[in-house]
Amino acid sequence: MKKIKISPSILSADFSQLGKEIKRLEEAGADMIHVDVMDGHFVPNLTIGPPVIKSLRKYTSLIFDVHLMISPVHKYIKDFADAGANLITIHPEATENLKESLDLIKSLNKKVGVSLNPDSKIELIEENLKDIDLVLVMSVHPGFGGQKFIPEVVGKIKKLREIKDKENLKFDIEVDGGINFENSKTVIDAGANILVSGTTIFKSNNGDIKKNIDTLKSS
Ligand code: DX5
Ligand code: ZN
């Protein structure tokens with residue numbers, strides 16, 4: 001039985017209470033905390049940066065699964081590592097040299113991930129798959145929570161799982177965007193083992209985050 005991990009996105013949390021919200025997520029059984037960093041340039045939204053992550057670090061020992069939707073990304077990687085990120089995921093389109101940026105993350109003793117937007121092909125990162133810990137498959141166009149799941153990405157998840165099995169690679173497959181109780185089993189059956197969710201976790205069942213995390217986990 002595959003162990004499914006849940007990484008709630010704090011983009012849907014109450015930003016005036018982020019420390020308390022993170023503690024609530026940990027108590028509700030979250031496996032990681034998904035931190036969406038946006039710069040208003042790579043994506044049309046602006047969220048938080050290293051100072052906020054640094055201030056949140058003391059609220060939990062859970063993995064900070066930091067999703068960098070910023071470009072250029074290379075020069076900021078160390079700042080996020082120093083702030084307390086444990087897993088740093090970047091987009092291939094946001095760096096001039098993907099291998100150099102991935103090697104920098106690893107040199108800082110952090111787990112390393114690469115994210116593929118719905119229109120980004122696996123070919124963009126195929127040669128890096130053997131060197132990374134995680135592929136973050138975007139099932140929405142990045143920038144906002146609460147968007148509709150794009151079903152076409154299921155084929156990409158399946159393809160990644162095929163490559164992983166064929167080449168006996170170790171990367172996790174994380175899916176991010178529009179995940180809900182109706183589509184979570186589909187993405188898991190396709191090969192995902194980590195689910196990101198913001199809206200479904202914070203807004204469903206009158207905000208019963210433990211129930212929502214448990215429901216996603218048992219998809
Ligand atoms: C979107 C972010 C996602 C998003 C997920 O750019 O990367 O992590 O916050 O939120 P929901 O689950 O509401 O789609
Ligand atoms: Zn994200």
# chains A, B, ... in the order shown; residues from 1 in each chain; ligands from 1
$ residues_near_ligand --ligand "ligand 1" --cutoff "10 Å" --atoms "only C-alpha atoms and all ligand atoms" --output "ChimeraX atom specification"
/A:7-13,34-38,43-45,66-69,115,117,136-149,175-180,195-203
$ residues_around --residues "Arg57 in chain A" --least-positions-apart "4" --cutoff "9 Å" --atoms "only C-alpha atoms" --output "ChimeraX atom specification"
/A:19,52-53,61,64,83-85
$ write_last_selection --atoms "all heavy atoms" --output "JSON list (two decimals), in the first residue's frame"
[["chain", "number", "residue", "atom", "x", "y", "z"],
["A", 19, "GLY", "N", 1.56, 31.44, 12.01],
["A", 19, "GLY", "CA", 2.22, 30.55, 12.98],
["A", 19, "GLY", "C", 1.22, 29.57, 13.59],
["A", 19, "GLY", "O", 1.42, 28.36, 13.61],
["A", 52, "VAL", "N", 9.64, 35.85, 6.24],
["A", 52, "VAL", "CA", 8.43, 35.24, 6.81],
["A", 52, "VAL", "C", 8.69, 33.77, 7.12],
["A", 52, "VAL", "O", 8.34, 33.26, 8.19],
["A", 52, "VAL", "CB", 7.22, 35.39, 5.85],
["A", 52, "VAL", "CG1", 6.00, 34.67, 6.42],
["A", 52, "VAL", "CG2", 6.92, 36.86, 5.61],
["A", 53, "ILE", "N", 9.38, 33.09, 6.19],
["A", 53, "ILE", "CA", 9.69, 31.66, 6.42],
["A", 53, "ILE", "C", 10.55, 31.51, 7.68],
["A", 53, "ILE", "O", 10.32, 30.65, 8.53],
["A", 53, "ILE", "CB", 10.37, 31.05, 5.19],
["A", 53, "ILE", "CG1", 9.36, 30.98, 4.03],
["A", 53, "ILE", "CG2", 10.96, 29.67, 5.50],
["A", 53, "ILE", "CD1", 9.94, 30.53, 2.70],
["A", 61, "SER", "N", 8.33, 21.43, 13.43],
["A", 61, "SER", "CA", 9.54, 20.74, 12.94],
["A", 61, "SER", "C", 9.22, 20.03, 11.61],
["A", 61, "SER", "O", 10.07, 19.37, 11.04],
["A", 61, "SER", "CB", 9.98, 19.70, 13.98],
["A", 61, "SER", "OG", 8.87, 18.84, 14.25],
["A", 64, "PHE", "N", 9.41, 22.06, 5.61],
["A", 64, "PHE", "CA", 8.91, 23.19, 4.82],
["A", 64, "PHE", "C", 9.19, 22.87, 3.36],
["A", 64, "PHE", "O", 10.34, 22.87, 2.90],
["A", 64, "PHE", "CB", 9.61, 24.50, 5.22],
["A", 64, "PHE", "CG", 8.98, 25.20, 6.41],
["A", 64, "PHE", "CD1", 9.57, 26.34, 6.93],
["A", 64, "PHE", "CD2", 7.81, 24.76, 7.00],
["A", 64, "PHE", "CE1", 9.02, 27.02, 8.02],
["A", 64, "PHE", "CE2", 7.24, 25.41, 8.09],
["A", 64, "PHE", "CZ", 7.85, 26.54, 8.59],
["A", 83, "ALA", "N", 16.71, 30.44, 5.54],
["A", 83, "ALA", "CA", 15.48, 30.81, 6.29],
["A", 83, "ALA", "C", 14.82, 29.58, 6.92],
["A", 83, "ALA", "O", 13.96, 29.70, 7.80],
["A", 83, "ALA", "CB", 14.49, 31.51, 5.36],
["A", 84, "GLY", "N", 15.20, 28.38, 6.42],
["A", 84, "GLY", "CA", 14.64, 27.17, 7.05],
["A", 84, "GLY", "C", 13.89, 26.25, 6.12],
["A", 84, "GLY", "O", 13.25, 25.29, 6.57],
["A", 85, "ALA", "N", 13.94, 26.49, 4.80],
["A", 85, "ALA", "CA", 13.33, 25.54, 3.85],
["A", 85, "ALA", "C", 14.04, 24.20, 3.97],
["A", 85, "ALA", "O", 15.25, 24.15, 4.18],
["A", 85, "ALA", "CB", 13.47, 26.08, 2.43]]
$ closest_residue --among "A:Asp79, A:Asp172, A:Tyr59, A:Thr47" --to "Ile188 in chain A" --atoms "only C-alpha atoms"
A:Asp172
$ closest_residue --among "A:Leu62, A:Leu216, A:Val187, A:Ile194" --to "Ile150 in chain A" --atoms "only C-alpha atoms"
A:Val187
$ select_by_dssp --residues "range 1-204 of chain A" --states "helix (DSSP H, G or I)" --output "number ranges by chain"
A: 10-12, 15-27, 50-59, 74-83, 92-94, 98-107, 122-124, 126-131, 153-166, 184-190, 199-203
$ write_last_selection --atoms "C-alpha atoms" --output "compact mmCIF listing (two decimals), in the first residue's frame"
# COMPACT_ATOMS: atom_id res chain seq x y z
CA ILE A 10 -0.58 27.84 3.49
CA LEU A 11 -1.58 30.10 0.60
CA SER A 12 -5.17 29.35 1.70
CA PHE A 15 -2.02 35.12 6.74
CA SER A 16 -2.55 37.12 9.92
CA GLN A 17 -2.19 33.89 11.96
CA LEU A 18 0.33 31.87 9.95
CA GLY A 19 2.22 30.55 12.98
CA LYS A 20 -0.95 29.28 14.64
CA GLU A 21 -2.24 27.91 11.30
CA ILE A 22 0.97 25.90 10.85
CA LYS A 23 0.64 24.45 14.36
CA ARG A 24 -2.99 23.56 13.58
CA LEU A 25 -1.90 21.77 10.41
CA GLU A 26 0.75 19.78 12.27
CA GLU A 27 -1.76 18.77 14.96
CA PRO A 50 12.63 34.40 3.38
CA PRO A 51 11.93 36.70 6.39
CA VAL A 52 8.43 35.24 6.81
CA ILE A 53 9.69 31.66 6.42
CA LYS A 54 12.39 32.39 9.03
CA SER A 55 9.77 33.66 11.47
CA LEU A 56 7.56 30.59 10.88
CA ARG A 57 10.37 28.05 11.35
CA LYS A 58 9.97 27.90 15.14
CA TYR A 59 6.28 26.87 14.92
CA HIS A 74 19.19 31.03 -8.66
CA LYS A 75 20.35 34.07 -6.67
CA TYR A 76 17.63 33.60 -4.02
CA ILE A 77 18.07 29.87 -3.32
CA LYS A 78 20.53 30.34 -0.43
CA ASP A 79 18.24 32.88 1.26
CA PHE A 80 15.42 30.32 1.36
CA ALA A 81 17.77 27.58 2.54
CA ASP A 82 19.07 29.84 5.34
CA ALA A 83 15.48 30.81 6.29
CA PRO A 92 13.07 24.97 -15.05
CA GLU A 93 11.95 28.12 -16.88
CA ALA A 94 13.11 30.28 -13.92
CA LEU A 98 18.79 24.08 -14.20
CA LYS A 99 21.60 21.67 -13.24
CA GLU A 100 23.60 24.46 -11.56
CA SER A 101 20.54 25.59 -9.58
CA LEU A 102 19.71 22.03 -8.52
CA ASP A 103 23.34 21.43 -7.52
CA LEU A 104 23.27 24.63 -5.44
CA ILE A 105 20.18 23.41 -3.53
CA LYS A 106 21.92 20.07 -2.87
CA SER A 107 25.15 21.80 -1.80
CA ILE A 122 8.75 16.19 -19.07
CA GLU A 123 11.51 16.49 -21.68
CA LEU A 124 12.47 19.80 -20.00
CA GLU A 126 14.14 14.29 -18.10
CA GLU A 127 17.94 14.36 -17.74
CA ASN A 128 17.60 15.71 -14.18
CA LEU A 129 15.19 13.08 -12.89
CA LYS A 130 17.97 10.82 -11.60
CA ASP A 131 19.37 13.69 -9.48
CA VAL A 153 -1.95 16.52 -16.31
CA VAL A 154 -2.94 12.96 -15.27
CA GLY A 155 -1.17 11.65 -18.39
CA LYS A 156 2.01 13.46 -17.31
CA ILE A 157 1.84 11.87 -13.84
CA LYS A 158 1.48 8.42 -15.42
CA LYS A 159 4.44 9.07 -17.74
CA LEU A 160 6.61 10.20 -14.80
CA ARG A 161 5.69 7.07 -12.88
CA GLU A 162 6.61 4.92 -15.91
CA ILE A 163 10.05 6.58 -16.18
CA LYS A 164 10.56 6.24 -12.43
CA ASP A 165 9.72 2.51 -12.48
CA LYS A 166 11.67 1.77 -15.68
CA SER A 184 -7.37 12.79 -5.37
CA LYS A 185 -7.74 9.03 -6.04
CA THR A 186 -7.22 9.62 -9.78
CA VAL A 187 -3.87 11.37 -9.26
CA ILE A 188 -2.77 8.78 -6.69
CA ASP A 189 -3.67 5.88 -9.00
CA ALA A 190 -1.72 7.66 -11.76
CA THR A 199 -8.70 25.23 -0.62
CA THR A 200 -9.95 21.66 -0.02
CA ILE A 201 -8.10 21.39 3.29
CA PHE A 202 -8.95 24.83 4.66
CA LYS A 203 -12.46 25.32 3.27
$ closest_residue --among "A:Ala30, A:Leu116, A:Ile4, A:Ala192" --to "ligand 2" --atoms "only C-alpha atoms and all ligand atoms"
A:Leu116
$ atom_distance --atom1 "CA of Thr89 in chain A" --atom2 "CA of Asp39 in chain A"
14.6 Å
$ select_by_dssp --residues "range 67-213 of chain A" --states "strand (DSSP E)" --output "VMD selection string"
chain A and resid 67 to 69 87 to 90 111 to 116 134 to 138 172 to 176 194 to 197
$ closest_residue --among "A:Val135, A:Asn212, A:Asn193, A:Ser218" --to "ligand 2" --atoms "only C-alpha atoms and all ligand atoms"
A:Val135
$ closest_residue --among "A:Leu46, A:Leu134, A:Asn205, A:Phe181" --to "Lys217 in chain A" --atoms "only C-alpha atoms"
A:Phe181
$ atom_distance --atom1 "CA of Val112 in chain A" --atom2 "CA of Glu167 in chain A"
18.8 Å
$ closest_residue --among "A:Asp214, A:Asp208, A:Glu96, A:Asp119" --to "Ile6 in chain A" --atoms "only C-alpha atoms"
A:Asp214
$ atom_distance --atom1 "CA of Ile125 in chain A" --atom2 "CA of His91 in chain A"
9.7 Å
